[in-house]
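A.B. asks: Pasting data39.txt here (compact mmCIF, C-alpha atoms):
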# COMPACT_ATOMS: atom_id res chain seq x y z
CA MET M 265 0.00 0.00 0.00
CA ALA M 266 1.38 3.39 -1.05
CA SER M 267 0.66 6.60 0.84
CA LEU M 268 0.70 10.23 -0.26
CA TRP M 269 0.62 13.07 2.25
CA PHE M 270 -0.50 16.59 1.34
CA GLU M 271 -0.25 19.89 3.15
CA ARG M 272 -3.68 20.54 1.58
CA ALA M 273 -5.94 18.41 -0.61
CA TRP M 274 -9.30 19.00 -2.29
CA ILE M 275 -11.68 16.71 -0.41
CA GLY M 276 -15.46 17.03 -0.76
CA ASN M 277 -15.07 20.19 -2.87
CA ARG M 278 -13.03 22.10 -0.32
CA TRP M 279 -9.45 22.26 0.89
CA GLU M 280 -8.52 20.11 3.88
CA ARG M 281 -5.18 20.31 5.69
CA GLY M 282 -2.85 17.46 6.57
CA VAL M 283 -4.33 14.80 4.28
CA ARG M 284 -3.01 11.30 3.77
CA LEU M 285 -4.30 9.12 0.95
CA ARG M 286 -3.56 5.43 1.19
CA ILE M 287 -3.66 3.67 -2.17
CA ALA M 288 -4.08 -0.03 -2.90
CA ASP M 289 -4.87 -1.78 -6.21
CA GLY M 290 -5.31 1.52 -7.98
CA ARG M 291 -7.95 2.82 -5.60
CA ILE M 292 -8.05 5.03 -2.54
CA ALA M 293 -8.13 2.72 0.46
CA ALA M 294 -8.18 5.41 3.16
CA VAL M 295 -8.47 9.18 3.49
CA GLU M 296 -7.03 10.66 6.70
CA ILE M 297 -7.53 14.36 7.44
CA GLY M 298 -5.69 16.52 9.95
CA VAL M 299 -2.75 14.15 10.33
CA ALA M 300 0.99 14.68 10.39
CA GLN M 301 3.36 13.27 7.80
CA GLU M 302 4.77 9.84 8.62
CA ALA M 303 7.87 7.98 7.50
CA GLY M 304 7.12 6.39 4.14
CA ASP M 305 4.65 9.07 3.04
CA GLU M 306 5.38 10.79 -0.26
CA ARG M 307 4.95 14.50 0.50
CA HIS M 308 3.25 17.09 -1.67
CA ARG M 309 2.07 20.66 -1.14
CA ALA M 310 -1.35 20.47 -2.81
CA GLY M 311 -3.42 17.64 -4.26
CA LEU M 312 -6.51 17.70 -6.47
CA PRO M 313 -8.71 15.00 -7.97
CA GLY M 314 -8.20 14.60 -11.71
CA LEU M 315 -10.87 16.00 -14.00
CA CYS M 316 -12.94 14.10 -16.54
CA ASN M 317 -12.68 15.23 -20.15
CA VAL M 318 -16.26 14.70 -21.28
CA HIS M 319 -15.78 15.06 -25.05
CA SER M 320 -12.83 14.16 -27.25
CA HIS M 321 -12.21 13.18 -30.85
CA GLY M 322 -8.66 11.97 -30.29
CA PHE M 323 -7.62 11.67 -33.94
CA GLN M 324 -8.37 15.36 -34.56
CA ARG M 325 -5.25 16.29 -32.58
CA GLY M 326 -3.37 15.43 -35.75
CA MET M 327 -5.01 18.24 -37.73
CA ALA M 328 -4.48 20.93 -35.08
CA GLY M 329 -3.28 24.07 -36.83
CA LEU M 330 -4.15 22.82 -40.32
CA SER M 331 -7.49 24.61 -40.62
CA GLU M 332 -6.60 28.19 -39.69
CA ARG M 333 -6.20 29.42 -43.27
CA ARG M 334 -9.15 31.36 -44.70
CA SER M 335 -10.51 29.34 -47.60
CA ARG M 336 -13.70 31.26 -48.43
CA PRO M 337 -15.52 34.40 -47.25
CA ASP M 338 -18.00 32.44 -45.15
CA ASP M 339 -15.56 30.12 -43.35
CA ASN M 340 -17.34 28.47 -40.43
CA PHE M 341 -17.91 25.10 -38.77
CA TRP M 342 -19.21 23.56 -42.00
CA SER M 343 -16.14 24.49 -44.04
CA TRP M 344 -13.91 23.26 -41.19
CA ARG M 345 -15.80 19.95 -41.29
CA GLU M 346 -14.82 19.44 -44.93
CA ILE M 347 -11.14 19.83 -43.98
CA MET M 348 -11.64 17.31 -41.19
CA TYR M 349 -13.24 14.83 -43.58
CA ARG M 350 -10.25 15.09 -45.93
CA PHE M 351 -7.81 14.53 -43.06
CA LEU M 352 -9.49 11.42 -41.68
CA ASP M 353 -9.79 9.84 -45.14
CA ARG M 354 -6.27 8.48 -44.90
CA LEU M 355 -6.08 7.37 -41.27
CA THR M 356 -5.26 3.74 -40.41
CA PRO M 357 -5.88 2.17 -36.99
CA ASP M 358 -2.19 2.59 -36.17
CA ASP M 359 -2.43 6.28 -37.08
CA VAL M 360 -5.42 6.73 -34.81
CA ALA M 361 -3.58 5.01 -31.96
CA ALA M 362 -0.49 7.22 -32.35
CA ILE M 363 -2.37 10.51 -32.70
CA THR M 364 -4.80 9.73 -29.91
CA ALA M 365 -1.97 8.73 -27.57
CA GLN M 366 -0.39 12.16 -28.08
CA ALA M 367 -3.68 13.84 -27.21
CA TYR M 368 -4.14 11.63 -24.15
CA ALA M 369 -0.63 12.30 -22.85
CA GLU M 370 -1.31 16.04 -23.11
CA MET M 371 -4.60 15.58 -21.27
CA LEU M 372 -2.85 13.87 -18.38
CA GLU M 373 -0.17 16.57 -18.24
CA THR M 374 -2.85 19.23 -17.81
CA GLY M 375 -4.98 17.48 -15.19
CA PHE M 376 -7.46 15.30 -17.06
CA THR M 377 -7.33 11.72 -15.79
CA ARG M 378 -10.26 10.21 -17.70
CA VAL M 379 -11.54 10.89 -21.20
CA GLY M 380 -14.89 10.37 -22.88
CA GLU M 381 -13.91 9.37 -26.41
CA PHE M 382 -16.77 10.23 -28.76
CA HIS M 383 -15.63 7.63 -31.25
CA TYR M 384 -17.16 7.73 -34.72
CA LEU M 385 -14.38 6.58 -37.05
CA HIS M 386 -15.43 2.93 -37.51
CA ARG M 387 -14.85 1.91 -41.14
CA ASP M 388 -11.85 1.69 -43.47
CA PRO M 389 -10.88 4.51 -45.87
CA VAL M 390 -13.25 3.35 -48.62
CA GLY M 391 -16.12 2.89 -46.18
CA ALA M 392 -15.97 -0.90 -45.89
CA ALA M 393 -16.30 -2.67 -42.56
CA TYR M 394 -13.17 -4.05 -40.94
CA ALA M 395 -13.17 -7.78 -40.23
CA ASP M 396 -13.21 -6.76 -36.58
CA PRO M 397 -16.04 -4.21 -36.21
CA ALA M 398 -14.15 -2.63 -33.30
CA GLU M 399 -10.79 -2.34 -35.08
CA MET M 400 -10.75 1.43 -34.61
CA ALA M 401 -12.13 1.19 -31.06
CA GLY M 402 -9.17 -1.05 -30.34
CA ALA M 403 -6.85 1.72 -31.56
CA VAL M 404 -8.43 4.10 -29.06
CA ALA M 405 -8.07 1.52 -26.30
CA ARG M 406 -4.38 1.09 -27.20
CA ALA M 407 -3.88 4.84 -26.84
CA SER M 408 -5.48 4.69 -23.41
CA ALA M 409 -3.24 1.78 -22.40
CA THR M 410 -0.12 3.51 -23.77
CA THR M 411 -0.74 6.68 -21.77
CA GLY M 412 -2.61 5.26 -18.78
CA ILE M 413 -5.55 7.65 -19.00
CA GLY M 414 -8.93 6.35 -17.88
CA LEU M 415 -11.27 5.65 -20.77
CA THR M 416 -15.01 5.99 -21.22
CA LEU M 417 -15.57 4.73 -24.75
CA LEU M 418 -18.58 6.26 -26.48
CA PRO M 419 -19.17 4.45 -29.79
CA VAL M 420 -21.07 6.75 -32.12
CA PHE M 421 -24.13 5.80 -34.11
CA TYR M 422 -24.20 7.75 -37.38
CA ALA M 423 -26.58 6.79 -40.18
CA HIS M 424 -27.73 9.94 -42.02
CA GLY M 425 -26.42 13.19 -43.42
CA ASN M 426 -29.11 15.50 -42.06
CA PHE M 427 -32.53 15.65 -40.45
CA GLY M 428 -35.27 13.51 -41.95
CA ALA M 429 -32.97 10.56 -42.74
CA ALA M 430 -31.15 12.41 -45.52
CA SER M 431 -28.52 10.38 -47.33
CA PRO M 432 -25.00 10.68 -45.90
CA SER M 433 -22.29 12.47 -47.84
CA PRO M 434 -19.22 10.67 -49.22
CA GLY M 435 -17.12 12.27 -46.47
CA GLN M 436 -19.20 10.45 -43.85
CA ARG M 437 -18.63 6.96 -45.27
CA ARG M 438 -16.24 5.92 -42.47
CA PHE M 439 -18.78 6.69 -39.74
CA LEU M 440 -21.85 4.78 -40.87
CA SER M 441 -23.84 2.11 -39.03
CA ASN M 442 -27.29 0.64 -38.99
CA ILE M 443 -28.93 -0.73 -35.88
CA ASP M 444 -27.69 -4.30 -36.46
CA SER M 445 -24.11 -3.34 -37.29
CA PHE M 446 -24.02 -0.97 -34.33
CA ALA M 447 -25.10 -3.76 -31.98
CA ALA M 448 -22.18 -5.82 -33.30
CA LEU M 449 -19.87 -2.84 -32.83
CA LEU M 450 -20.91 -2.46 -29.20
CA ASP M 451 -20.34 -6.14 -28.49
CA ALA M 452 -16.92 -6.11 -30.15
CA SER M 453 -15.92 -2.86 -28.43
CA ARG M 454 -16.55 -4.25 -24.94
CA SER M 455 -13.80 -6.79 -25.45
CA LYS M 456 -11.30 -3.98 -26.06
CA LEU M 457 -11.79 -2.43 -22.62
CA ALA M 458 -9.46 -3.12 -19.72
CA GLY M 459 -9.06 -2.03 -16.12
CA ASP M 460 -11.75 0.40 -15.02
CA ALA M 461 -12.63 1.50 -18.55
CA ASN M 462 -16.37 1.75 -19.15
CA MET M 463 -18.62 2.32 -22.12
CA GLY M 464 -21.71 4.28 -23.10
CA ILE M 465 -23.36 5.15 -26.40
CA ALA M 466 -23.33 8.26 -28.53
CA PRO M 467 -26.08 8.90 -31.06
CA HIS M 468 -24.08 11.47 -33.00
CA SER M 469 -26.80 14.11 -33.32
CA LEU M 470 -30.40 14.49 -34.38
CA ARG M 471 -29.01 15.11 -37.87
CA ALA M 472 -27.53 11.61 -37.95
CA VAL M 473 -30.27 9.47 -36.33
CA THR M 474 -34.00 9.13 -36.80
CA PRO M 475 -36.34 9.16 -33.80
CA GLU M 476 -36.92 5.42 -34.28
CA GLU M 477 -33.19 4.71 -34.32
CA LEU M 478 -32.66 6.85 -31.23
CA ALA M 479 -35.31 4.91 -29.33
CA ALA M 480 -33.72 1.62 -30.38
CA LEU M 481 -30.29 2.81 -29.26
CA ILE M 482 -31.56 3.75 -25.81
CA LYS M 483 -33.10 0.28 -25.42
CA MET M 484 -29.83 -1.25 -26.59
CA SER M 485 -27.95 0.45 -23.74
CA PRO M 486 -30.32 0.79 -20.77
CA ALA M 487 -27.52 1.81 -18.39
CA GLY M 488 -24.41 3.96 -18.73
CA PRO M 489 -23.73 7.33 -20.34
CA VAL M 490 -25.62 8.68 -23.34
CA HIS M 491 -23.88 11.50 -25.20
CA ILE M 492 -25.19 13.48 -28.19
CA HIS M 493 -24.22 16.65 -30.04
CA ALA M 494 -27.02 19.20 -29.75
CA ALA M 495 -27.53 22.82 -30.82
CA GLU M 496 -23.90 23.47 -31.68
CA GLN M 497 -24.70 25.49 -34.79
CA VAL M 498 -27.35 28.03 -35.75
CA LYS M 499 -27.92 26.19 -39.04
CA GLU M 500 -28.44 22.96 -37.13
CA VAL M 501 -31.11 24.61 -34.98
CA ALA M 502 -32.88 26.06 -38.02
CA ASP M 503 -32.78 22.72 -39.86
CA CYS M 504 -34.19 20.96 -36.80
CA VAL M 505 -37.07 23.44 -36.57
CA ASP M 506 -37.80 22.92 -40.27
CA TRP M 507 -37.84 19.15 -39.75
CA SER M 508 -39.72 18.86 -36.45
CA GLY M 509 -41.08 22.24 -35.44
CA ALA M 510 -38.80 22.15 -32.38
CA ARG M 511 -35.24 23.14 -31.56
CA PRO M 512 -32.74 20.26 -30.95
CA VAL M 513 -32.54 20.49 -27.16
CA GLU M 514 -36.26 21.15 -26.97
CA TRP M 515 -36.94 18.05 -29.10
CA LEU M 516 -34.67 15.86 -26.96
CA LEU M 517 -36.26 17.06 -23.73
CA ASP M 518 -39.74 16.43 -25.15
CA ASN M 519 -39.09 13.06 -26.77
CA ALA M 520 -35.94 11.27 -25.59
CA GLY M 521 -36.31 10.87 -21.83
CA VAL M 522 -33.25 13.01 -21.07
CA ASP M 523 -32.09 12.44 -17.49
CA GLU M 524 -28.94 12.20 -15.35
CA ARG M 525 -27.11 9.77 -17.60
CA TRP M 526 -27.29 12.08 -20.61
CA CYS M 527 -24.63 14.55 -21.67
CA LEU M 528 -25.70 17.08 -24.30
CA ILE M 529 -22.53 18.21 -26.01
CA HIS M 530 -22.27 21.96 -26.69
CA SER M 531 -25.95 22.98 -26.30
CA THR M 532 -24.70 26.38 -27.38
CA HIS M 533 -27.84 27.88 -28.88
CA LEU M 534 -30.60 27.71 -26.28
CA GLU M 535 -33.70 29.75 -25.61
CA GLU M 536 -34.46 30.63 -22.00
CA SER M 537 -37.02 27.85 -21.63
CA GLU M 538 -34.45 25.32 -22.83
CA VAL M 539 -31.89 26.63 -20.35
CA GLN M 540 -34.31 26.10 -17.48
CA ARG M 541 -35.53 22.71 -18.68
CA LEU M 542 -32.05 21.35 -19.40
CA ALA M 543 -30.91 22.40 -15.93
CA ALA M 544 -33.97 20.75 -14.35
CA SER M 545 -33.47 17.49 -16.28
CA GLY M 546 -30.34 16.57 -14.32
CA ALA M 547 -28.39 16.04 -17.54
CA VAL M 548 -24.89 17.43 -18.03
CA ALA M 549 -24.02 20.09 -20.58
CA GLY M 550 -20.74 19.04 -22.19
CA LEU M 551 -18.95 22.33 -22.86
CA CYS M 552 -15.82 22.63 -25.01
CA PRO M 553 -15.02 26.34 -24.88
CA ILE M 554 -11.68 26.23 -26.73
CA THR M 555 -13.07 24.28 -29.68
CA GLU M 556 -16.30 26.28 -29.66
CA GLY M 557 -14.23 29.44 -29.86
CA ASN M 558 -11.95 28.02 -32.54
CA LEU M 559 -14.91 27.00 -34.72
CA GLY M 560 -16.88 30.19 -34.11
CA ASP M 561 -19.79 28.21 -32.71
CA GLY M 562 -21.10 30.76 -30.23
CA ILE M 563 -21.28 31.23 -26.46
CA PHE M 564 -23.13 28.90 -24.12
CA PRO M 565 -25.50 30.76 -21.71
CA ALA M 566 -23.55 29.59 -18.67
CA VAL M 567 -24.57 32.34 -16.24
CA ASP M 568 -28.28 31.59 -16.52
CA TYR M 569 -27.70 27.84 -16.71
CA LEU M 570 -25.62 27.70 -13.52
CA ALA M 571 -28.06 30.00 -11.75
CA ALA M 572 -30.78 27.46 -12.57
CA GLY M 573 -28.70 24.68 -11.00
CA GLY M 574 -27.44 23.23 -14.27
CA ARG M 575 -24.62 20.70 -14.34
CA PHE M 576 -21.68 20.86 -16.72
CA GLY M 577 -18.42 19.18 -17.61
CA VAL M 578 -15.67 20.32 -19.95
CA GLY M 579 -14.13 18.58 -22.93
CA THR M 580 -11.37 19.17 -25.44
CA ASP M 581 -13.44 18.12 -28.51
CA SER M 582 -11.22 18.80 -31.56
CA ASN M 583 -8.07 18.86 -29.39
CA ILE M 584 -6.85 21.99 -31.15
CA LEU M 585 -5.29 22.85 -27.76
CA VAL M 586 -5.38 20.42 -24.84
CA ASP M 587 -5.46 22.06 -21.42
CA ALA M 588 -7.94 21.55 -18.59
CA ALA M 589 -7.34 24.91 -16.91
CA GLN M 590 -7.65 26.77 -20.20
CA GLU M 591 -11.04 25.16 -20.87
CA LEU M 592 -12.32 26.50 -17.55
CA ARG M 593 -10.70 29.89 -18.14
CA ALA M 594 -12.22 30.16 -21.63
CA LEU M 595 -15.66 29.35 -20.22
CA GLU M 596 -15.51 32.23 -17.75
CA TYR M 597 -13.93 34.63 -20.23
CA SER M 598 -16.59 33.94 -22.87
CA GLN M 599 -19.23 35.06 -20.36
CA ARG M 600 -17.26 38.19 -19.50
CA LEU M 601 -16.95 39.15 -23.16
CA ALA M 602 -20.63 38.52 -23.83
CA GLN M 603 -21.88 40.42 -20.75
CA ARG M 604 -19.05 42.94 -20.26
CA ALA M 605 -18.73 42.05 -16.59
CA ARG M 606 -16.41 40.02 -14.37
CA ALA M 607 -16.49 37.05 -12.00
CA LEU M 608 -19.70 35.81 -13.55
CA LEU M 609 -19.47 32.07 -12.88
CA ALA M 610 -19.41 32.51 -9.14
CA SER M 611 -22.04 33.24 -6.52
CA GLU M 612 -22.46 34.58 -3.01
CA GLU M 613 -22.10 31.03 -1.71
CA ALA M 614 -19.05 30.31 -3.93
CA PRO M 615 -17.45 33.71 -4.59
CA PHE M 616 -14.13 32.47 -6.04
CA VAL M 617 -14.54 31.70 -9.73
CA GLY M 618 -11.75 29.13 -10.00
CA ALA M 619 -12.95 27.01 -7.10
CA ASN M 620 -16.55 27.15 -8.31
CA LEU M 621 -15.63 26.18 -11.87
CA PHE M 622 -13.39 23.34 -10.72
CA ALA M 623 -15.93 21.91 -8.28
CA ARG M 624 -18.75 21.98 -10.81
CA ALA M 625 -16.65 20.57 -13.66
CA LEU M 626 -15.37 17.84 -11.36
CA ASP M 627 -18.85 16.68 -10.36
CA GLY M 628 -20.50 17.17 -13.75
CA GLY M 629 -17.67 15.54 -15.66
CA ALA M 630 -17.70 12.45 -13.48
CA GLN M 631 -21.48 12.16 -13.81
CA ALA M 632 -21.22 12.43 -17.59
CA LEU M 633 -18.68 9.60 -17.79
CA GLY M 634 -20.42 7.35 -15.29
CA VAL M 635 -17.79 7.36 -12.56
CA PRO M 636 -17.69 8.74 -9.00
CA ALA M 637 -16.15 12.16 -8.43
CA GLY M 638 -13.36 13.25 -6.14
CA LEU M 639 -10.84 11.83 -3.70
CA ALA M 640 -12.78 9.38 -1.55
CA VAL M 641 -12.46 5.81 -0.31
CA GLY M 642 -13.15 3.31 -3.07
CA HIS M 643 -12.63 5.79 -5.89
CA ALA M 644 -9.85 5.45 -8.44
CA ALA M 645 -6.63 7.06 -7.24
CA ASP M 646 -6.68 9.80 -9.89
CA ILE M 647 -4.65 12.59 -8.34
CA VAL M 648 -3.07 15.82 -9.56
CA THR M 649 -0.39 17.71 -7.63
CA LEU M 650 0.46 21.38 -8.06
CA ASP M 651 4.02 22.68 -8.14
CA PHE M 652 4.24 25.34 -5.43
CA ASP M 653 7.56 26.54 -6.82
CA HIS M 654 5.65 27.90 -9.81
CA PRO M 655 5.69 31.73 -9.64
CA SER M 656 1.92 31.97 -9.94
CA PHE M 657 1.51 30.29 -6.56
CA ALA M 658 3.71 32.74 -4.67
CA GLY M 659 1.89 33.71 -1.49
CA ALA M 660 -1.11 31.52 -2.39
CA ASP M 661 -3.80 30.81 0.17
CA ASP M 662 -6.59 28.28 0.02
CA ALA M 663 -9.15 30.80 -1.21
CA THR M 664 -7.23 31.87 -4.31
CA LEU M 665 -5.17 28.77 -5.13
CA LEU M 666 -7.47 27.47 -7.87
CA ASP M 667 -7.92 30.97 -9.29
CA ARG M 668 -4.13 31.20 -9.60
CA TRP M 669 -3.94 27.87 -11.42
CA ILE M 670 -6.84 28.48 -13.79
CA PHE M 671 -6.33 32.17 -14.57
CA ALA M 672 -2.66 32.93 -14.02
CA ALA M 673 -0.39 29.90 -14.13
CA ARG M 674 0.22 29.44 -17.85
CA THR M 675 2.16 26.14 -18.13
CA GLY M 676 4.16 24.17 -15.58
CA ALA M 677 1.73 24.50 -12.69
CA ILE M 678 1.05 20.76 -12.53
CA ASP M 679 3.85 18.69 -11.08
CA GLY M 680 2.55 15.12 -10.93
CA VAL M 681 -0.45 13.07 -12.01
CA TRP M 682 -1.43 9.64 -10.75
CA ARG M 683 -3.95 7.62 -12.69
CA ALA M 684 -5.35 4.56 -10.88
CA GLY M 685 -2.49 4.88 -8.43
CA VAL M 686 0.28 4.88 -11.06
CA LYS M 687 2.33 8.04 -11.53
CA ARG M 688 1.92 8.96 -15.19
CA VAL M 689 3.20 12.55 -15.05
CA GLU M 690 6.34 13.57 -13.19
CA ASN M 691 7.90 17.04 -13.12
CA GLY M 692 5.15 18.18 -15.45
CA ARG M 693 5.79 15.66 -18.25
CA HIS M 694 4.24 12.33 -19.05
CA VAL M 695 6.71 9.64 -18.11
CA ASP M 696 6.58 8.27 -21.68
CA ALA M 697 6.26 11.64 -23.39
CA GLU M 698 9.29 11.25 -25.65
CA ALA M 699 8.30 7.86 -27.06
CA ILE M 700 4.68 8.95 -27.54
CA ALA M 701 5.75 12.17 -29.28
CA ALA M 702 8.22 10.33 -31.51
CA ALA M 703 5.50 7.97 -32.74
CA TYR M 704 3.19 10.94 -33.27
CA ARG M 705 5.78 12.90 -35.28
CA THR M 706 6.47 9.91 -37.52
CA CYS M 707 2.77 9.41 -38.13
CA ILE M 708 2.04 13.06 -38.95
CA ALA M 709 5.10 13.38 -41.21
CA ARG M 710 3.87 10.45 -43.28
CA LEU M 711 0.26 11.67 -43.41
CA LEU M 712 1.24 15.16 -44.55
CA ALA M 713 4.01 14.14 -46.93
Take the structure I supplied and represent it as structure tokens, if you would.
C.D. replies:
Amino acid sequence: MASLWFERAWIGNRWERGVRLRIADGRIAAVEIGVAQEAGDERHRAGLPGLCNVHSHGFQRGMAGLSERRSRPDDNFWSWREIMYRFLDRLTPDDVAAITAQAYAEMLETGFTRVGEFHYLHRDPVGAAYADPAEMAGAVARASATTGIGLTLLPVFYAHGNFGAASPSPGQRRFLSNIDSFAALLDASRSKLAGDANMGIAPHSLRAVTPEELAALIKMSPAGPVHIHAAEQVKEVADCVDWSGARPVEWLLDNAGVDERWCLIHSTHLEESEVQRLAASGAVAGLCPITEGNLGDGIFPAVDYLAAGGRFGVGTDSNILVDAAQELRALEYSQRLAQRARALLASEEAPFVGANLFARALDGGAQALGVPAGLAVGHAADIVTLDFDHPSFAGADDATLLDRWIFAARTGAIDGVWRAGVKRVENGRHVDAEAIAAAYRTCIARLLA
């Protein structure tokens, strides 16, 4: 049994002093508070639970920086999507494993210890099924094993190109399933999981599934997370209204039985009634502020949503830039820019923005990925330590420590990361960073040659 001792640790969404965590078989066996360091304890200044990354497309890390050139006057999400389709056309399972491992190593280095992989790349480059339906899911699982990050695999059901069962485009040929082939994919994917990895389902969006297919998918997976893209784009909302008479989130709330196991990714464009109803449903809003900013999606109405008691988690989505603190920072800053005010995602009960954002993202992210949140007995030993020699922590107290990390620390603030009790990040770098980056560089050089 290993033991870590902290001057302060985030327990039950607040700082406690003199904390010892005893770790056995990858889980926290004991939490002792208000105790002195003992011989054999590994000492640290500050410890946090790792965050859950609720939404990732790991392979898209390989195209980061390749879509920033203006290609037409109306560049937007839809033109970016065409670039993405061209990039993924050439990817092999080994490519996906190498690229995704790089993304996962970066996630661990920045404080994410589990990832929800919204996995839709199922077929070969010409759109034919692999002999193993979960060939690509296996590549994702290999990336998780290589880096050590916790995995919640979310196989994506994608059958149509737009609302009303429109035919898919050629660029979507690698994503496609029907109900029978998706059932086979789920069965095959389960065999790829190891350790405490778990699995949910991900109907891609209301564009890509019919109501009948969505109902069948929910019956196919009666427990575990359900993730879906919803209301990311204004055009998507307009198309949904044309098809159904309702907006995407409105339609889901009216027809899909949305509850605590659902995570609605983005939910950017909401009317006030949808804000209130989504908050009341108990579902999690899966927010990806860096990607949403990069794609020009819009700004989620976080102030009203949190005031209504809404739950959220953060994700890295396109992995254009992987950084847990920057996702939280971008969420707050987007609200400040929209409302021309400060300290908006706080309250009288939780006046410090950083602590409030972290606590809510911790709880909401864990809910979205179907795992328990925080440092507690029986939970996975997913632990992040902060480097108190970092200049941003000079003179830090408990009240402002998370504000300093999220808003002021730049890089280097995280010292170590344990995932299931194994130290995966030391002195700010993944322990296998060089080998993972070498494989990534070789892969990208070949793809872009």
A.B. asks: Neighbours of range 702-707 of chain M within 6 Å (all atoms listed in the file; same-chain residues fewer than 3 positions away dropped), as JSON, numbers by chain?
C.D. replies: {"M": [362, 363, 699, 710]}
A.B. asks: So, with all atoms listed in the file as the atoms that count, which of M:Ala361, M:Ala572, M:Val404, M:Ala502 lies closest to Ala458 in chain M?
C.D. replies: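 Nearest candidate to Ala458 in chain M out of M:Ala361, M:Ala572, M:Val404, M:Ala502: M:Val404.
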A.B. asks: For a quick check of understanding, using all atoms listed in the file, which of M:Ile708, M:Ala677, M:Leu470, M:Cys504 has the smallest distance to Arg693 in chain M?
C.D. replies: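 Between M:Ile708, M:Ala677, M:Leu470, M:Cys504, the residue approaching Arg693 in chain M most closely is M:Ala677.
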A.B. asks: List as a ChimeraX atom specification the residues having at least one atom at most 9 Å from position (-21.1, -1.9, -38.1) as given in the file, counting all atoms listed in the file.
C.D. replies: /M:386-387,393-394,397-398,440-450
A.B. asks: At a cut-off of 9 Å around the point (-24.0, 14.6, -17.6) (file coordinates), what residues fall inside when counting all atoms listed in the file? I'd like the answer as a list of chain:residue names.
C.D. replies: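 Returned residue set, sorted by chain then number, is M:Val318, M:Pro489, M:Val490, M:His491, M:Asp523, M:Glu524, M:Arg525, M:Trp526, M:Cys527, M:Leu528, M:Gly546, M:Ala547, M:Val548, M:Ala549, M:Gly550, M:Arg575, M:Phe576, M:Gly577, M:Gly628, M:Gly629, M:Ala630, M:Gln631, M:Ala632, M:Leu633, M:Gly634.
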A.B. asks: Between M:Leu355, M:Thr532, M:Leu312, M:Gly282, single out the one closest to Ala619 in chain M, counting all atoms listed in the file.
C.D. replies: M:Leu312
A.B. asks: What is the distance between CA of Tyr384 in chain M and CA of Pro419 in chain M, in Å to one decimal?
C.D. replies: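 Separation between CA of Tyr384 in chain M and CA of Pro419 in chain M: 6.3 Å.
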A.B. asks: To one decimal place in Å, what is the distance between CA of Leu418 in chain M and CA of Ala401 in chain M?
C.D. replies: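 Result for CA of Leu418 in chain M versus CA of Ala401 in chain M: 9.4 Å, one decimal.
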A.B. asks: Using all atoms listed in the file, which of the listed residues (M:Ile465, M:Gln540, M:Lys499, M:Gln301) sits closest to Leu517 in chain M?
C.D. replies: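 When distances to Leu517 in chain M are compared using all atoms listed in the file, the smallest one comes from M:Gln540.
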A.B. asks: Rank nothing, just name the residue among M:Ser331, M:Gln590, M:Thr474, M:Thr374 nearest to Gly692 in chain M, using all atoms listed in the file.
C.D. replies: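 Of all the options, M:Thr374 lies closest to Gly692 in chain M.
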A.B. asks: Determine the nearest neighbour of Ala367 in chain M from the options M:Tyr569, M:Asn277, M:Asp338, M:Val586, counting only C-alpha atoms.
C.D. replies: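 Closest to Ala367 in chain M of all the choices is M:Val586.
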